[in-house]
Structures are given as structure tokens and as C-alpha cells.
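Colleague: Dropping a structure here in C-alpha cells format, bear with me for questions.
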Amino acid sequence: MFDYMIVGAGFAGAVTAERLARCHGKRVLIVESRNHIGGNAYDCYNDDGLLIHKYGPHIFHTNSQDVFDYLSTFTQWRPYQHWVRASVDGQLYPIPINRETINKMYGLNLNAFEVEAFLQSVAEKCPEVKTSEDVIVNRVGRDLYEKFFKNYTRKQWALDPSELDATVTARIPVRTNMDGRYFTDRYQVMPLHGYTRMFERMLALPNIKIMLNTDYREIVDVIPYREMIYTGPVDAYFDHCFGKLPYRSLEFRFETLNTPKHQETPVVNYPNEYPYTRVTEFKYLTGQEHPRTTVVYEYPQAEGDPYYPVPRPENAELYRRYEELACRTEGVHFVGRLATYKYYNMDQVVAQALTLCTRLIGMNRRDLLRTSIEGHA
Ligand code: FAD
Ligand code: UDP
């Protein structure tokens with residue numbers, strides 16, 4: 001008899017499995033429909049010997065010391081600051097928009113104060129910032145909005161920014177200084193030997209069993225367990241009884257090139273041209289040295305693996321109905337990006353999973369995190 005059946009071996013599933021097994025001695029079975037652990041953070045070496053992220057570029061960044069310390073038990077890190085350029089009218093500009101973006105775009109030479117004044121002069125102030133259009137137009141005006149955000153967002157989501165919650169484009173800050181980094185979090189690092197190696201170390205406990213290539217529905221009636229932790233799409237768990245929750249998907253096209261370096265920054269965004277949104281060159285992220293280089297193009301799709309919840313009011317409303325049902329479903333705990341329909345980064349999923357563990361184990365956060373590998377060796 002397993003204490004827990006955990007559906008999904010991504011961050012949500014792996015963190016809960018690890019803590020419940022290590023801190024509480026529980027017997028855990030992880031069931032994963034794919035042929036590997038790691039969920040969307042899975043990385044592997046391709047046929048050319050280059051380390052790639054199979055489900056698109058994953059850059060680790062967090063302000064949470066707890067999350068950083070917890071994951072540090074399972075991996076060493078490589079310091080990594082992320083840089084992105086956006087291709088607009090054939091030129092590459094820093095994104096997030098910063099002082100350099102504005103000076104280069106308009107042929108100016110403004111200092112930080114002047115950039116702020118410039119932004120104030122072009123911003124179209126709206127009384128209430130509700131949508132992804134509002135949040136950008138309100139800060140940088142319509143021209144920059146149209147050049148950098150409008151078409152990228154339409155391509156990525158098949159929705160106009162005015163149809164998406166402000167939180168989506170608000171992920172991208174606007175700066176008046178020269179800081180060109182994509183993230184400013186306290187911890188910006190990549191797992192030294194990759195994400196998959198980190199997951200392997202998390203799950204290497206005798207009381208954790210892993211069943212790959214298996215949809216949990218195939219075995220849920222034949223393998224006895226006490227409680228379930230579910231990290232797949234919440235609507236699928238309930239057979240879409242209230243209708244389908246929209247998730248946005250992507251198709252990834254990988255290309256290995258006969259050159260050590262392809263582009264000047266790790267990621268180049270293409271807001272206005274091409275059917276893809278961005279091109280990522282993995283060697284920047286992984287630090288790998290290799291005579292060749294692999295890039296990935298991301299093509300947004302309506303159908304396919306569910307990658308992104310779509311933050312907009314009607315979806316939140318539909319999710320609330322599923323959430324209510326989930327709360328009433330005894331013995332099943334819903335956690336992770338798909339199961340709680342939240343546009344969460346990896347660190348937020350780790351934090352959410354740790355919070356669930358404090359509740360299930362009845363331990364406070366500090367004690368939960370204190371039980372390290374050494375503590376139980
Ligand atoms: P997942 O990783 O999706 O894991 C859920 C698992 O459940 C999957 O492996 C799935 O196969 C399995 N599953 C589902 N249904 C079943 C079933 N019926 N039976 C068995 N198994 C099932 N975050 C960052 O912090 N930084 C980034 O740079 C970043 N980049 C991203 C880029 C892309 C293209 C995408 C899509 C996401 C990115 N993220 C990034 C977000 C990150 O991927 C997620 O926050 C994190 O991986 C979510 O973990 P999870 O465990 O909730 O879900
Ligand atoms: N975005 C944009 N232009 C850009 C970068 C981002 O319009 O150059 C918008 C777009 O709607 C995107 C959202 O901001 O989906 C969040 O971007 P982020 O890079 O955080 O997306 P993710 O890495 O999660 O795909």
C-alpha cells in the first residue's frame with residue numbers, strides 16, 4: 001500500500017514526493033505519462049551532444065531563500081544572468097525596455113531622469129489598469145506597445161493584449177536605467193549539471209517508486225494508495241465536466257548549427273515577424289562548450305501539450321468552479337501550474353509544493369526545510 005500516489009514528475013510532483021518520503025517516511029508512487037521525470041523542466045543531451053531543454057528554455061530565478069536553499073540540497077549551481085533582445089524593424093533592442101532601448105529607438109541620448117520624463121509624455125494613462133494592453137500603454141505609450149508587445153502577445157496567446165489580464169505583460173518590467181537583464185531576482189542560477197540530474201537526486205530514495213509511460217488512469221484502480229497528489233491539468237481530472245479550461249501550447253523546432261555561436265544574446269524575441277515568438281541558444285544557458293550550437297524556435301499552438309494557463313477573467317471564473325470541486329474532493333491534493341491553473345514560474349511551484357507539504361506533514365516551514373539529505377542519511 002502506498003501512502004501517496006503522485007501524478008506527474010515535474011517540480012510539483014518531485015518536491016512533494018521528496019519531502020513526504022524524506023521528512024515523513026511516506027511510501028510514494030509517482031506516476032508520469034511521459035518517458036522521463038522533470039516535467040517541463042526536463043533537459044537532455046541531443047544527438048549532437050548538446051544539452052537542451054526539451055520543452056523550451058528554463059531559466060531559474062527566485063527571490064525566495066527557502067526555495068533556493070531547498071533546491072541547493074540537490075544541485076550545485078552556475079551563476080547565470082539572462083539577456084534578451086527583441087528584433088524590431090530589423091534592429092535588435094534590449095527587452096525589458098530600458099534607457100538603451102528608448103535612446104536607440106528614437107535616436108536620443110537621454111539620461112534616466114529624461115527617460116522617465118519621456119515615458120510620462122508618451123504614456124496614455126488609463127483610470128484603471130486591468131488588461132495586458134492597459135499595463136503597457138499606461139507606462140510606455142502606444143508606439144512602444146505596438147512595436148514590442150502587441151504582436152508578440154497576439155502570436156503567443158492568439159488573443160489581443162486587451163483580452164488578457166494585466167499580469168501577463170506585467171511580467172516584463174520597464175526600466176529607466178541601463179539594466180538590460182531579463183530578471184532582477186536575488187538568485188539567478190542554473191543547475192550546474194542540468195535540471196534532470198537535479199530531479200534524479202531529489203527522487204533517489206528507497207521509498208519513492210516511479211512509474212513512467214503511464215497515465216495514472218491506467219493504474220489508479222489497481223494500485224492501492226491512501227491519498228493522491230495531482231499535478232496534471234485540473235479540468236482533465238474532472239473529465240472536463242464544466243467544459244475545457246484553455247491552456248496554450250507550443251511547438252518546438254530545434255536546429256543544430258555548424259558554428260560555435262549563432263546569436264549575440266541567449267534569446268532573441270521576434271514580436272512582429274515570423275510565426276515563432278523567440279529563438280533561444282542553449283549554450284548560453286547551460287555554459288556548455290561545444291564546436292556546434294543548438295537553438296530552439298517556439299511556435300505557439302492552440303492544441304498540444306498544455307503549457308500555459310491563459311489568464312483572463314472568464315477562465316478564472318471557470319477555474320473557480322473546478323477549484324471548488326477540487327476542494328471538495330477528499331484525499332486528492334491539487335498542486336502545480338496545471339492543477340491550480342496559475343501562470344507560475346518554477347520557483348513559485350516549488351514554494352507552493354512546500355506549502356502543501358507543511359500542511360500534509362503538520363510541520364512548520366522551518367522544520368520542513370531543516371530535514372536535509374545529511375539529516376536523514
Ligand atoms: P509540469 O512540469 O507540467 O509537470 C506536470 C507533469 O504531470 C508532466 O510531466 C505531465 O506529463 C504529468 N501528467 C499530466 N497529466 C498526467 C496524467 N494523467 N498521468 C500521468 N502524468 C500526468 N519557469 C521558470 O521559472 N523559468 C523559465 O524560464 C520558464 N520557462 C518556461 C518556458 C516554457 C516554454 C514553459 C512551458 C514553461 C516555462 N516555465 C519557466 C514554467 C515551468 O515550466 C513551470 O513552472 C514548472 O515546470 C511547472 O511544474 P509542474 O510540476 O507544476 O508542472
Ligand atoms: N511579451 C511581449 N513581448 C516581449 C516579451 C514578452 O509582448 O518581447 C509579453 C507576451 O505577452 C508574453 C508575456 O509578455 O507572453 C510574458 O513574457 P515572458 O517572457 O515572461 O514569457 P514566458 O517566458 O513565460 O513564455
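Chain labels run A, B, ... following the order of the C-alpha cells; each chain numbers its residues from 1, and ligands are numbered from 1 in the order shown.
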Could you list, as an NGL selection string, all protein and nucleic acid residues with an atom at most 8 Å from ligand 2, counting only C-alpha atoms and all ligand atoms?

Modeller: :A and (57 or 85-86 or 95-96 or 132 or 148-154 or 156-157 or 161 or 168-172 or 269-271 or 308 or 343 or 345)

Colleague: Within 6 Å of ligand 1, which residues of chain A come that close, and what is the closest atom pair and distance in Å for each? Count only C-alpha atoms and all ligand atoms and give it as a Markdown table.

Modeller:
| residue | atom | partner | partner_atom_place_in_ligand_line | distance |
| --- | --- | --- | --- | --- |
| A:Val7 | CA | ligand 1 | 21 (N) | 5.1 |
| A:Gly8 | CA | ligand 1 | 7 (O) | 3.2 |
| A:Ala9 | CA | ligand 1 | 6 (C) | 5.3 |
| A:Gly10 | CA | ligand 1 | 51 (O) | 3.6 |
| A:Phe11 | CA | ligand 1 | 51 (O) | 3.9 |
| A:Ala12 | CA | ligand 1 | 51 (O) | 3.7 |
| A:Gly13 | CA | ligand 1 | 51 (O) | 5.6 |
| A:Val31 | CA | ligand 1 | 20 (C) | 5.3 |
| A:Glu32 | CA | ligand 1 | 21 (N) | 3.7 |
| A:Ser33 | CA | ligand 1 | 20 (C) | 4.0 |
| A:Arg34 | CA | ligand 1 | 11 (O) | 5.1 |
| A:Gly39 | CA | ligand 1 | 9 (O) | 3.4 |
| A:Asn40 | CA | ligand 1 | 2 (O) | 4.0 |
| A:Ala41 | CA | ligand 1 | 47 (O) | 5.0 |
| A:Tyr55 | CA | ligand 1 | 34 (C) | 5.7 |
| A:Gly56 | CA | ligand 1 | 34 (C) | 4.2 |
| A:Pro57 | CA | ligand 1 | 32 (C) | 5.2 |
| A:His58 | CA | ligand 1 | 28 (O) | 3.5 |
| A:Ile59 | CA | ligand 1 | 28 (O) | 3.6 |
| A:Phe60 | CA | ligand 1 | 25 (O) | 5.1 |
| A:Thr214 | CA | ligand 1 | 20 (C) | 5.9 |
| A:Asp215 | CA | ligand 1 | 19 (N) | 3.6 |
| A:Tyr216 | CA | ligand 1 | 19 (N) | 4.3 |
| A:Thr231 | CA | ligand 1 | 5 (C) | 5.3 |
| A:Gly232 | CA | ligand 1 | 14 (C) | 3.6 |
| A:Tyr307 | CA | ligand 1 | 36 (C) | 4.4 |
| A:Gly336 | CA | ligand 1 | 52 (O) | 3.3 |
| A:Arg337 | CA | ligand 1 | 52 (O) | 3.9 |
| A:Leu338 | CA | ligand 1 | 52 (O) | 5.8 |
| A:Tyr344 | CA | ligand 1 | 45 (O) | 4.9 |
| A:Asn345 | CA | ligand 1 | 25 (O) | 3.6 |
| A:Met346 | CA | ligand 1 | 25 (O) | 3.7 |
| A:Asp347 | CA | ligand 1 | 25 (O) | 5.7 |
| A:Val349 | CA | ligand 1 | 45 (O) | 5.7 |

Colleague: Skipping near chain neighbours, those fewer than 6 positions away, what residues fall within 12 Å of stretch 321-332 of chain A using only C-alpha atoms, listed as an NGL selection string?

Modeller: :A and (3-7 or 225-231 or 233-245 or 314-315 or 338-342 or 356 or 360)

Colleague: What's around stretch 69-78 of chain A at 6 Å? Count only C-alpha atoms, leave out sequence neighbours fewer than 4 positions away in its own chain, and write the answer as a list of chain:residue names.

Modeller: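 Result of the neighbour search: A:Gln65, A:Val189, A:Met190, A:Pro191, A:Leu192, A:Met198, A:Arg201.
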
Colleague: Give the strand (DSSP E or B) residues of stretch 271-330 of chain A, as assigned by DSSP on the backbone, as a list in words.

Modeller: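 Residues of stretch 271-330 of chain A classed as strand (DSSP E or B): Arg278, Val279, Thr280, Glu281, Thr293, Thr294, Val295, Val296, Tyr297, Glu298, Tyr299, Pro300, Gln301, Tyr308 and Pro309 of chain A.
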
Colleague: How far is it from atom CA of A:Val67 to atom CA of A:Asn364, in Å with one decimal?

Modeller: 14.8 Å

Colleague: Provide the atom CA of A:Tyr274 to atom CA of A:Lys104 distance in Å, to one decimal place.

Modeller: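 For atom CA of A:Tyr274 relative to atom CA of A:Lys104, the distance reads 23.1 Å.
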
Colleague: Of the residues A:Pro206, A:Pro306, A:Pro260, A:Gly194, which is the one nearest to A:Arg248, using only C-alpha atoms?

Modeller: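 Nearest to A:Arg248: A:Pro306.
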
Colleague: Have a look at atom CA of A:Gln188 and atom CA of A:Gln352 and let me know their distance in Å, one decimal.

Modeller: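 Pair atom CA of A:Gln188 / atom CA of A:Gln352 returns 19.4 Å.
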